[in-house]
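Structure file query01.cif; described as mmCIF, C-alpha atoms.
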```cif
data_data
loop_
_atom_site.label_atom_id
_atom_site.label_comp_id
_atom_site.auth_asym_id
_atom_site.auth_seq_id
_atom_site.Cartn_x
_atom_site.Cartn_y
_atom_site.Cartn_z
CA MET O 1 16.04 123.86 220.93
CA ASP O 2 13.19 124.44 218.46
CA GLN O 3 14.38 126.91 215.81
CA THR O 4 11.07 126.98 213.91
CA ALA O 5 10.31 130.51 212.75
CA PRO O 6 6.94 132.13 213.62
CA ALA O 7 5.95 132.15 209.95
CA ASP O 8 6.61 128.42 209.74
CA LEU O 9 4.52 127.81 212.87
CA GLU O 10 1.65 129.75 211.31
CA ALA O 11 1.93 127.74 208.12
CA LEU O 12 1.79 124.49 210.09
CA ALA O 13 -1.23 125.66 212.09
CA TYR O 14 -3.19 126.33 208.89
CA ASP O 15 -1.97 123.32 206.91
CA TRP O 16 -5.29 121.52 206.52
CA ALA O 17 -3.88 118.73 204.37
CA SER O 18 -1.61 117.62 207.22
CA ILE O 19 -4.35 117.38 209.86
CA ALA O 20 -7.48 116.43 207.89
CA ARG O 21 -8.74 112.88 207.65
CA PRO O 22 -8.71 111.50 204.08
CA GLU O 23 -12.51 111.75 203.77
CA GLN O 24 -12.31 115.49 204.53
CA LEU O 25 -10.10 116.21 201.52
CA PRO O 26 -11.50 116.75 198.00
CA PRO O 27 -11.80 113.48 196.09
CA GLU O 28 -9.63 112.77 193.10
CA GLY O 29 -10.99 112.56 189.58
CA ASP O 30 -13.34 114.58 187.42
CA TRP O 31 -16.31 115.19 189.71
CA PHE O 32 -19.00 117.87 189.60
CA VAL O 33 -20.71 117.25 192.96
CA TRP O 34 -18.89 116.15 196.10
CA LEU O 35 -21.69 115.02 198.42
CA LEU O 36 -20.48 114.48 201.99
CA ARG O 37 -23.18 113.02 204.22
CA SER O 38 -22.15 112.25 207.74
CA GLY O 39 -23.16 111.97 211.35
CA ARG O 40 -23.28 114.88 213.78
CA GLY O 41 -19.87 116.05 214.92
CA PHE O 42 -17.97 114.45 212.02
CA GLY O 43 -16.48 117.78 210.91
CA LYS O 44 -18.70 118.69 207.95
CA THR O 45 -18.44 122.42 208.55
CA ARG O 46 -14.65 122.41 208.76
CA THR O 47 -14.52 120.32 205.59
CA GLY O 48 -16.72 122.81 203.74
CA ALA O 49 -14.86 125.88 204.94
CA GLU O 50 -11.49 124.37 204.06
CA ALA O 51 -12.77 123.40 200.60
CA VAL O 52 -13.74 127.04 200.01
CA ARG O 53 -10.32 128.23 201.19
CA ALA O 54 -8.63 125.73 198.88
CA ALA O 55 -10.82 126.85 195.97
CA VAL O 56 -9.74 130.46 196.53
CA ASP O 57 -6.09 129.39 196.57
CA GLN O 58 -6.62 127.44 193.33
CA GLY O 59 -7.95 130.48 191.50
CA TYR O 60 -11.71 130.27 191.87
CA ARG O 61 -13.05 133.84 192.00
CA ARG O 62 -16.85 133.62 192.23
CA ILE O 63 -18.16 131.37 195.00
CA ALA O 64 -21.67 130.71 196.40
CA LEU O 65 -22.18 129.92 200.09
CA VAL O 66 -25.65 128.41 200.57
CA GLY O 67 -27.02 127.51 204.01
CA GLN O 68 -30.36 126.62 205.52
CA THR O 69 -31.19 130.19 206.59
CA VAL O 70 -29.47 133.58 206.61
CA ALA O 71 -28.57 133.04 210.27
CA ASP O 72 -27.11 129.59 209.56
CA VAL O 73 -24.87 130.94 206.80
CA ARG O 74 -23.65 133.78 209.01
CA ASP O 75 -23.18 131.80 212.21
CA THR O 76 -22.24 128.29 211.11
CA MET O 77 -20.47 128.82 207.80
CA ILE O 78 -18.80 132.21 208.29
CA GLU O 79 -18.45 133.60 211.81
CA VAL O 80 -18.97 131.33 214.81
CA GLY O 81 -16.82 128.43 215.95
CA ASP O 82 -13.39 127.09 215.14
CA SER O 83 -14.65 125.60 211.85
CA ALA O 84 -16.15 128.79 210.40
CA LEU O 85 -14.56 130.41 207.36
CA LEU O 86 -13.26 133.51 209.12
CA ASN O 87 -11.53 131.34 211.71
CA ILE O 88 -9.82 128.79 209.47
CA CYS O 89 -8.19 131.29 207.10
CA PRO O 90 -4.69 132.48 208.07
CA PRO O 91 -4.43 136.15 209.03
CA HIS O 92 -2.57 137.10 205.86
CA ASN O 93 -5.30 135.60 203.67
CA ARG O 94 -8.45 136.20 205.70
CA PRO O 95 -11.45 137.58 203.77
CA GLU O 96 -13.23 140.80 204.62
CA TYR O 97 -16.83 140.06 205.61
CA GLN O 98 -19.52 142.60 204.71
CA PRO O 99 -22.79 141.21 206.12
CA SER O 100 -24.93 143.99 204.62
CA LYS O 101 -23.70 143.02 201.16
CA ARG O 102 -23.76 139.26 201.90
CA ARG O 103 -20.17 139.18 200.72
CA LEU O 104 -16.72 137.91 201.66
CA THR O 105 -13.75 139.26 199.71
CA TRP O 106 -10.26 137.77 199.82
CA PRO O 107 -7.04 139.74 199.29
CA ASN O 108 -6.62 138.16 195.83
CA GLY O 109 -10.04 139.43 194.73
CA ALA O 110 -11.97 136.19 195.14
CA MET O 111 -15.51 136.80 196.31
CA ALA O 112 -18.09 134.60 198.02
CA ILE O 113 -21.77 135.62 198.13
CA THR O 114 -24.18 134.18 200.70
CA TYR O 115 -27.58 132.65 199.94
CA SER O 116 -30.12 130.61 201.89
CA GLY O 117 -32.42 127.67 201.24
CA ASP O 118 -35.49 129.60 202.37
CA ARG O 119 -34.90 132.31 199.73
CA PRO O 120 -34.22 130.39 196.50
CA ASP O 121 -34.95 133.35 194.22
CA GLN O 122 -31.74 135.05 195.40
CA LEU O 123 -29.89 132.55 193.22
CA ARG O 124 -31.70 133.56 190.04
CA GLY O 125 -29.17 135.33 187.84
CA PRO O 126 -25.83 135.29 189.72
CA GLN O 127 -23.01 133.26 188.19
CA HIS O 128 -20.52 131.17 190.15
CA GLU O 129 -17.53 128.88 189.66
CA PHE O 130 -17.70 127.02 192.96
CA ALA O 131 -20.37 126.48 195.61
CA TRP O 132 -20.64 125.10 199.12
CA CYS O 133 -24.13 123.99 200.23
CA ASP O 134 -24.39 123.19 203.94
CA GLU O 135 -27.30 121.06 205.26
CA LEU O 136 -29.02 120.84 201.87
CA ALA O 137 -31.40 118.17 203.21
CA LYS O 138 -32.81 120.69 205.71
CA PHE O 139 -33.52 123.49 203.21
CA GLN O 140 -37.09 124.73 203.10
CA TYR O 141 -36.97 124.67 199.28
CA PRO O 142 -34.19 122.18 198.46
CA GLN O 143 -35.06 121.41 194.84
CA LEU O 144 -35.80 125.00 193.81
CA THR O 145 -32.68 126.30 195.55
CA TRP O 146 -30.56 123.61 193.91
CA ASP O 147 -32.02 124.23 190.46
CA ASN O 148 -31.34 127.97 190.67
CA LEU O 149 -27.81 127.34 191.92
CA MET O 150 -27.09 124.91 189.09
CA LEU O 151 -28.32 127.35 186.44
CA GLY O 152 -25.74 129.88 187.64
CA LEU O 153 -22.81 127.48 188.13
CA ARG O 154 -21.61 128.15 184.61
CA ILE O 155 -18.35 130.11 184.63
CA GLY O 156 -14.71 129.26 185.19
CA PRO O 157 -12.67 126.38 183.80
CA ASN O 158 -14.06 123.69 186.16
CA PRO O 159 -17.31 124.51 188.03
CA ARG O 160 -17.89 122.36 191.11
CA VAL O 161 -20.10 122.14 194.20
CA LEU O 162 -19.60 120.63 197.64
CA VAL O 163 -22.63 119.50 199.64
CA THR O 164 -22.19 118.83 203.36
CA THR O 165 -25.32 117.52 205.00
CA THR O 166 -26.97 115.27 207.52
CA PRO O 167 -28.54 112.61 205.25
CA ARG O 168 -32.27 113.05 205.42
CA PRO O 169 -34.08 111.00 202.76
CA ILE O 170 -35.23 113.80 200.48
CA PRO O 171 -35.62 112.99 196.76
CA LEU O 172 -32.93 115.49 195.75
CA LEU O 173 -30.19 113.72 197.73
CA LYS O 174 -31.22 110.34 196.35
CA HIS O 175 -31.15 111.75 192.82
CA LEU O 176 -27.73 113.35 193.22
CA LEU O 177 -26.20 110.13 194.52
CA LEU O 178 -27.27 108.35 191.32
CA GLN O 179 -25.44 110.80 189.03
CA PRO O 180 -22.14 109.60 187.51
CA THR O 181 -20.45 112.96 188.21
CA THR O 182 -21.30 112.83 191.93
CA VAL O 183 -18.79 111.50 194.43
CA GLY O 184 -20.79 110.41 197.48
CA VAL O 185 -18.99 110.08 200.79
CA GLN O 186 -20.73 108.65 203.88
CA ARG O 187 -18.92 108.87 207.21
CA PRO O 188 -19.96 108.32 210.84
CA THR O 189 -19.61 110.58 213.86
CA ASP O 190 -17.11 108.10 215.28
CA ASP O 191 -14.49 109.26 212.77
CA ASN O 192 -14.11 112.38 214.88
CA ILE O 193 -14.98 110.92 218.29
CA ALA O 194 -11.56 111.79 219.77
CA ASN O 195 -12.30 115.49 219.29
CA LEU O 196 -15.80 115.49 220.81
CA HIS O 197 -16.53 116.41 224.41
CA PRO O 198 -17.15 113.37 226.66
CA ALA O 199 -20.42 114.90 227.90
CA TYR O 200 -21.68 115.20 224.32
CA ILE O 201 -20.74 111.59 223.62
CA ARG O 202 -22.32 110.34 226.84
CA ASN O 203 -25.56 112.35 226.73
CA VAL O 204 -26.25 112.71 223.01
CA ILE O 205 -24.37 110.20 220.90
CA ASP O 206 -24.40 107.04 223.03
CA PRO O 207 -28.18 107.04 223.74
CA MET O 208 -28.81 107.15 219.97
CA ARG O 209 -26.65 104.17 219.10
CA GLY O 210 -28.60 101.25 217.74
CA THR O 211 -31.70 103.33 217.02
CA ARG O 212 -33.14 104.28 213.67
CA LEU O 213 -32.42 107.94 214.35
CA GLY O 214 -28.87 107.02 215.25
CA ARG O 215 -28.35 105.37 211.88
CA GLN O 216 -29.15 108.72 210.28
CA GLU O 217 -27.65 111.17 212.75
CA ILE O 218 -24.56 109.14 213.80
CA GLU O 219 -23.83 106.73 210.94
CA GLY O 220 -24.80 109.10 208.12
CA GLU O 221 -27.22 106.69 206.43
CA ILE O 222 -30.04 107.79 204.16
CA LEU O 223 -32.99 105.84 205.52
CA THR O 224 -35.99 104.62 203.60
CA ASP O 225 -39.55 104.83 204.87
CA THR O 226 -40.35 103.35 208.27
CA PRO O 227 -42.59 100.24 208.29
CA GLY O 228 -45.76 101.01 210.24
CA ALA O 229 -45.50 104.81 209.98
CA LEU O 230 -48.65 106.61 208.82
CA TRP O 231 -46.80 108.90 206.42
CA THR O 232 -44.09 108.35 203.82
CA TYR O 233 -41.78 110.95 202.35
CA GLY O 234 -43.25 110.22 198.94
CA LEU O 235 -46.76 110.88 200.20
CA ILE O 236 -45.76 114.29 201.57
CA ASP O 237 -43.69 115.17 198.49
CA GLY O 238 -46.61 114.25 196.23
CA THR O 239 -48.79 117.10 197.51
CA ARG O 240 -46.10 119.65 198.40
CA VAL O 241 -46.45 123.15 196.92
CA GLU O 242 -43.99 126.03 196.65
CA LYS O 243 -46.42 128.82 197.44
CA ALA O 244 -49.66 129.24 199.34
CA PRO O 245 -52.74 129.56 197.11
CA PRO O 246 -54.11 133.04 196.37
CA GLY O 247 -57.30 134.31 197.92
CA GLY O 248 -56.51 134.27 201.61
CA TRP O 249 -57.58 131.84 204.31
CA ARG O 250 -60.99 130.67 205.42
CA ARG O 251 -59.37 129.83 208.74
CA LEU O 252 -55.84 129.89 210.11
CA VAL O 253 -54.84 128.17 213.36
CA ILE O 254 -51.73 127.53 215.42
CA GLY O 255 -51.41 124.11 217.05
CA VAL O 256 -49.30 123.86 220.21
CA ASP O 257 -48.05 120.70 221.92
CA PRO O 258 -46.31 122.13 225.00
CA ALA O 259 -43.34 120.75 226.88
CA VAL O 260 -43.81 120.80 230.63
CA THR O 261 -40.16 121.56 231.43
CA ALA O 262 -37.51 123.81 229.90
CA ASN O 263 -34.09 122.29 230.49
CA ILE O 264 -31.47 120.60 228.30
CA GLY O 265 -33.25 117.24 228.48
CA SER O 266 -36.75 118.59 227.85
CA ASP O 267 -38.94 117.77 224.89
CA GLU O 268 -39.58 120.44 222.32
CA THR O 269 -42.79 122.44 222.24
CA GLY O 270 -44.46 121.74 218.91
CA ILE O 271 -45.82 124.88 217.22
CA ILE O 272 -47.40 124.40 213.79
CA MET O 273 -49.34 126.99 211.79
CA ALA O 274 -51.81 125.78 209.17
CA GLY O 275 -54.65 127.28 207.17
CA ILE O 276 -57.59 126.13 205.08
CA GLY O 277 -57.97 127.79 201.70
CA SER O 278 -60.92 128.57 199.47
CA ASP O 279 -60.33 125.19 197.80
CA ASP O 280 -61.17 123.41 201.10
CA HIS O 281 -57.62 122.07 201.23
CA ALA O 282 -55.34 122.53 204.24
CA TYR O 283 -51.87 124.06 203.96
CA VAL O 284 -49.09 123.65 206.50
CA LEU O 285 -47.42 127.05 206.57
CA GLN O 286 -44.82 127.11 209.33
CA ASP O 287 -43.05 124.92 211.84
CA ALA O 288 -41.98 127.20 214.68
CA SER O 289 -41.31 124.41 217.20
CA MET O 290 -38.65 125.06 219.80
CA LYS O 291 -37.07 123.94 223.04
CA ALA O 292 -37.77 126.97 225.22
CA SER O 293 -39.30 128.33 228.40
CA PRO O 294 -43.11 128.58 228.59
CA ASP O 295 -42.99 132.36 228.17
CA THR O 296 -40.85 132.02 225.03
CA TRP O 297 -42.96 129.40 223.27
CA ALA O 298 -46.17 131.20 224.24
CA SER O 299 -44.78 134.45 222.81
CA MET O 300 -43.94 132.63 219.58
CA ALA O 301 -47.45 131.17 219.25
CA VAL O 302 -49.17 134.47 220.04
CA GLY O 303 -46.81 136.31 217.68
CA LEU O 304 -47.77 134.00 214.81
CA TYR O 305 -51.44 134.44 215.69
CA HIS O 306 -51.26 138.23 215.44
CA ARG O 307 -48.78 138.50 212.57
CA HIS O 308 -50.81 136.25 210.29
CA LYS O 309 -54.25 137.24 211.61
CA GLY O 310 -54.97 133.79 212.95
CA ASP O 311 -58.35 132.57 214.18
CA LEU O 312 -57.33 130.29 217.03
CA ILE O 313 -54.49 128.87 219.10
CA ILE O 314 -55.04 125.23 220.04
CA GLY O 315 -53.13 123.82 222.99
CA GLU O 316 -52.92 120.22 224.17
CA THR O 317 -53.67 120.12 227.90
CA ASN O 318 -52.81 116.52 228.80
CA ASN O 319 -49.53 117.41 230.48
CA GLY O 320 -49.85 121.11 231.17
CA GLY O 321 -53.53 121.36 232.04
CA ASP O 322 -54.64 124.93 232.75
CA MET O 323 -51.00 126.01 232.67
CA VAL O 324 -51.06 126.07 228.87
CA GLU O 325 -53.91 128.56 228.66
CA SER O 326 -52.65 130.69 231.54
CA THR O 327 -49.19 130.90 229.95
CA ILE O 328 -50.63 132.00 226.62
CA ARG O 329 -52.96 134.50 228.26
CA THR O 330 -50.04 135.94 230.20
CA VAL O 331 -48.73 137.04 226.81
CA ASP O 332 -52.14 138.17 225.52
CA ARG O 333 -55.24 137.71 227.67
CA LEU O 334 -57.60 138.37 224.73
CA VAL O 335 -56.19 135.83 222.28
CA SER O 336 -58.65 133.26 220.94
CA TYR O 337 -57.64 129.97 222.58
CA LYS O 338 -58.97 126.43 222.72
CA GLY O 339 -57.66 123.68 224.95
CA VAL O 340 -57.84 120.11 223.68
CA HIS O 341 -57.40 116.95 225.72
CA ALA O 342 -56.32 113.72 224.07
CA THR O 343 -58.56 110.78 224.92
CA ARG O 344 -56.91 108.43 222.40
CA GLY O 345 -53.31 107.54 221.57
CA LYS O 346 -51.14 109.60 219.24
CA TYR O 347 -51.25 107.03 216.46
CA VAL O 348 -55.05 106.73 216.53
CA ARG O 349 -55.46 110.52 216.56
CA ALA O 350 -53.11 110.83 213.61
CA GLU O 351 -54.79 108.21 211.39
CA PRO O 352 -57.59 110.41 210.03
CA VAL O 353 -55.13 113.25 209.42
CA ALA O 354 -52.85 110.88 207.48
CA ALA O 355 -55.89 109.87 205.42
CA LEU O 356 -56.34 113.51 204.39
CA TYR O 357 -52.80 113.46 202.99
CA GLU O 358 -53.62 110.29 201.06
CA GLN O 359 -56.63 112.06 199.58
CA GLY O 360 -54.40 114.94 198.43
CA ARG O 361 -56.17 117.46 200.68
CA VAL O 362 -53.18 118.59 202.77
CA HIS O 363 -50.17 120.38 201.34
CA HIS O 364 -46.87 121.48 202.85
CA VAL O 365 -45.87 124.93 201.61
CA GLY O 366 -42.15 124.31 201.24
CA ALA O 367 -40.32 121.71 203.30
CA PHE O 368 -40.28 121.15 207.06
CA PRO O 369 -37.56 118.52 207.56
CA ASP O 370 -37.82 118.06 211.33
CA LEU O 371 -41.60 117.82 211.25
CA GLU O 372 -41.56 115.47 208.27
CA ASP O 373 -38.97 113.23 209.90
CA GLN O 374 -41.29 112.82 212.90
CA MET O 375 -44.28 112.12 210.68
CA CYS O 376 -42.48 109.49 208.62
CA THR O 377 -40.73 107.67 211.47
CA PHE O 378 -43.27 107.59 214.32
CA VAL O 379 -44.81 104.18 214.96
CA PRO O 380 -46.86 102.86 217.89
CA GLY O 381 -44.72 102.19 220.93
CA ASP O 382 -42.08 104.82 220.16
CA LYS O 383 -40.72 106.40 223.33
CA VAL O 384 -39.64 109.62 221.57
CA SER O 385 -42.38 112.23 221.81
CA PRO O 386 -43.31 113.54 218.32
CA ASP O 387 -44.13 117.06 219.51
CA ARG O 388 -44.17 118.66 216.06
CA MET O 389 -46.38 115.88 214.69
CA ASP O 390 -48.79 116.25 217.63
CA ALA O 391 -49.11 119.99 217.04
CA LEU O 392 -49.75 119.32 213.35
CA VAL O 393 -52.43 116.75 214.14
CA TRP O 394 -54.24 119.16 216.48
CA ALA O 395 -54.14 121.99 213.92
CA LEU O 396 -55.36 119.87 211.00
CA THR O 397 -58.00 118.14 213.10
CA GLU O 398 -59.42 121.55 214.01
CA LEU O 399 -59.37 122.75 210.40
CA MET O 400 -60.56 119.63 208.61
CA LEU O 401 -62.11 117.08 210.96
CA GLY O 402 -63.70 118.67 214.00
CA ASP O 403 -62.83 117.81 217.59
CA GLU O 404 -60.61 114.69 217.75
CA GLY O 405 -61.79 113.50 214.34
CA GLY O 406 -65.49 113.34 215.16
CA LEU O 407 -66.39 114.54 211.68
CA TRP O 408 -64.11 111.88 210.24
CA MET O 409 -66.00 109.21 212.09
CA ARG O 410 -69.30 110.52 210.76
CA ILE O 411 -67.92 110.53 207.19
CA LEU O 412 -66.96 106.88 207.60
#
```
Would you put the structure from the file into structure tokens?
Amino acid sequence: MDQTAPADLEALAYDWASIARPEQLPPEGDWFVWLLRSGRGFGKTRTGAEAVRAAVDQGYRRIALVGQTVADVRDTMIEVGDSALLNICPPHNRPEYQPSKRRLTWPNGAMAITYSGDRPDQLRGPQHEFAWCDELAKFQYPQLTWDNLMLGLRIGPNPRVLVTTTPRPIPLLKHLLLQPTTVGVQRPTDDNIANLHPAYIRNVIDPMRGTRLGRQEIEGEILTDTPGALWTYGLIDGTRVEKAPPGGWRRLVIGVDPAVTANIGSDETGIIMAGIGSDDHAYVLQDASMKASPDTWASMAVGLYHRHKGDLIIGETNNGGDMVESTIRTVDRLVSYKGVHATRGKYVRAEPVAALYEQGRVHHVGAFPDLEDQMCTFVPGDKVSPDRMDALVWALTELMLGDEGGLWMRIL
């Protein structure tokens, strides 16, 4: 008969060291950055949350929790799911969460403050001893957020930071991996395959195996630029800006590449907002792409149009035909709309837009990881539909080139 006391059962249930895989435990040695890059479903979130809990137990008192957005910090890192902080701490040592103060407080007085990669200025000033950055490669302002975090990681006997991320090839990740005080760990999704639902493995993981995207999203590799792609990450980084220029917009448009269905296997609807400034340069301002019903994506496009005083919504009509305009006008019948029909392939349409980047005339205001991944990996013959890239091409063609690049052809 099992004579294990309830307290002992609780201790076993929360004994992370006994159930974690070796790669999920803090590395040995004198490290400053522990950079864990892995495939989807590896257990990055649980690793990060458990590292924070361990830091609290070891005496760290001022901790930074930095996620992609406010919602990501709240949902992924703190509240939702078995791997979130509130759910991996034992009842007797569970922190009190005060969302309005962006604060978690443990019974021993340790405190964690939340920050996000789309609001880097929040990290100006606060001091920390330990930090957990989740999905750093997807931050809108990765370098600025990181720099501000580092400037405040200056108290305590041994300041440290854990980065858990899908390994997109941003310059910051490449730089960190070259530092002697960084311990880089790369692990595949397959490490945790026994704990993943068979439907997820069958429908998401297995179709990606052997593909370039699979090497990144399943194997955890940082990929270099794709041969044959029109854009490179260096090209985009070279003209990126942190803020939009002053003086307002000569024109501001929203490009839409609609999906024709809205189920789990559907493509996304690309929604890209861009403007042309007084300097005659174009600025990519927002990627609002989504997998959603027609009413939802139309409401998003029309909302951007009104909120930012846009001039035009441009919708590709190849698949949706008149449905695109009618859906948008169901939301607002008076919105300024233009339907465009592609008469050439995606790659050919994108070439003159890529040339504008090479000329330094297009700038991304912040980072748009999903969009940029499509731009830098799409090559002729790809079966994956680059919906975000298509929406970008339509928006920038309207702003800078005229219909389908006609002005570009005249310039040549």
>> Under the rule that all atoms listed in the file are counted, which of O:Val33, O:Met77, O:Val353, O:Leu396 is the nearest residue to Leu230 in chain O?
In response: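 Looking only at the distances to Leu230 in chain O, the closest residue turns out to be O:Val353.
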>> To test your reading of the syntax: which residues would the PyMOL selection byres ((chain O and resi 235-251) around 6) return for the file shown? Reply as a count of residues only.
In response: 11
> So how many Å separate CA of Ala110 in chain O and CA of Leu65 in chain O, to one decimal?
Replying inline: 13.0 Å
> Can you list, as a PyMOL selection string, the residues that the PyMOL selection byres ((chain O and resi 314) around 8) selects here?
Replying inline: chain O and resi 253-256+312-313+315-316+337-340+394-395
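Proximity to Ile113 in chain O was assessed for O:Val73, O:Val362, O:Leu173, O:Ala55 counting only C-alpha atoms; the smallest distance is recorded for O:Val73.
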> Can you list, as number ranges by chain, the residues that the PyMOL selection byres ((chain O and resi 167) around 6) selects here?
Replying inline: O: 37, 165-166, 168, 220, 222
>> List as a PyMOL selection string the protein and nucleic acid residues near Thr327 in chain O, meaning an atom at most 7 Å away when all atoms listed in the file are counted, but skip any in the same chain fewer than 2 places from it.
In response: chain O and resi 294-295+298+323-325+329-331
>> Between CA of Lys44 in chain O and CA of Gly29 in chain O, what distance in Å does the model show, to one decimal?
In response: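 Between CA of Lys44 in chain O and CA of Gly29 in chain O the gap is 20.8 Å.
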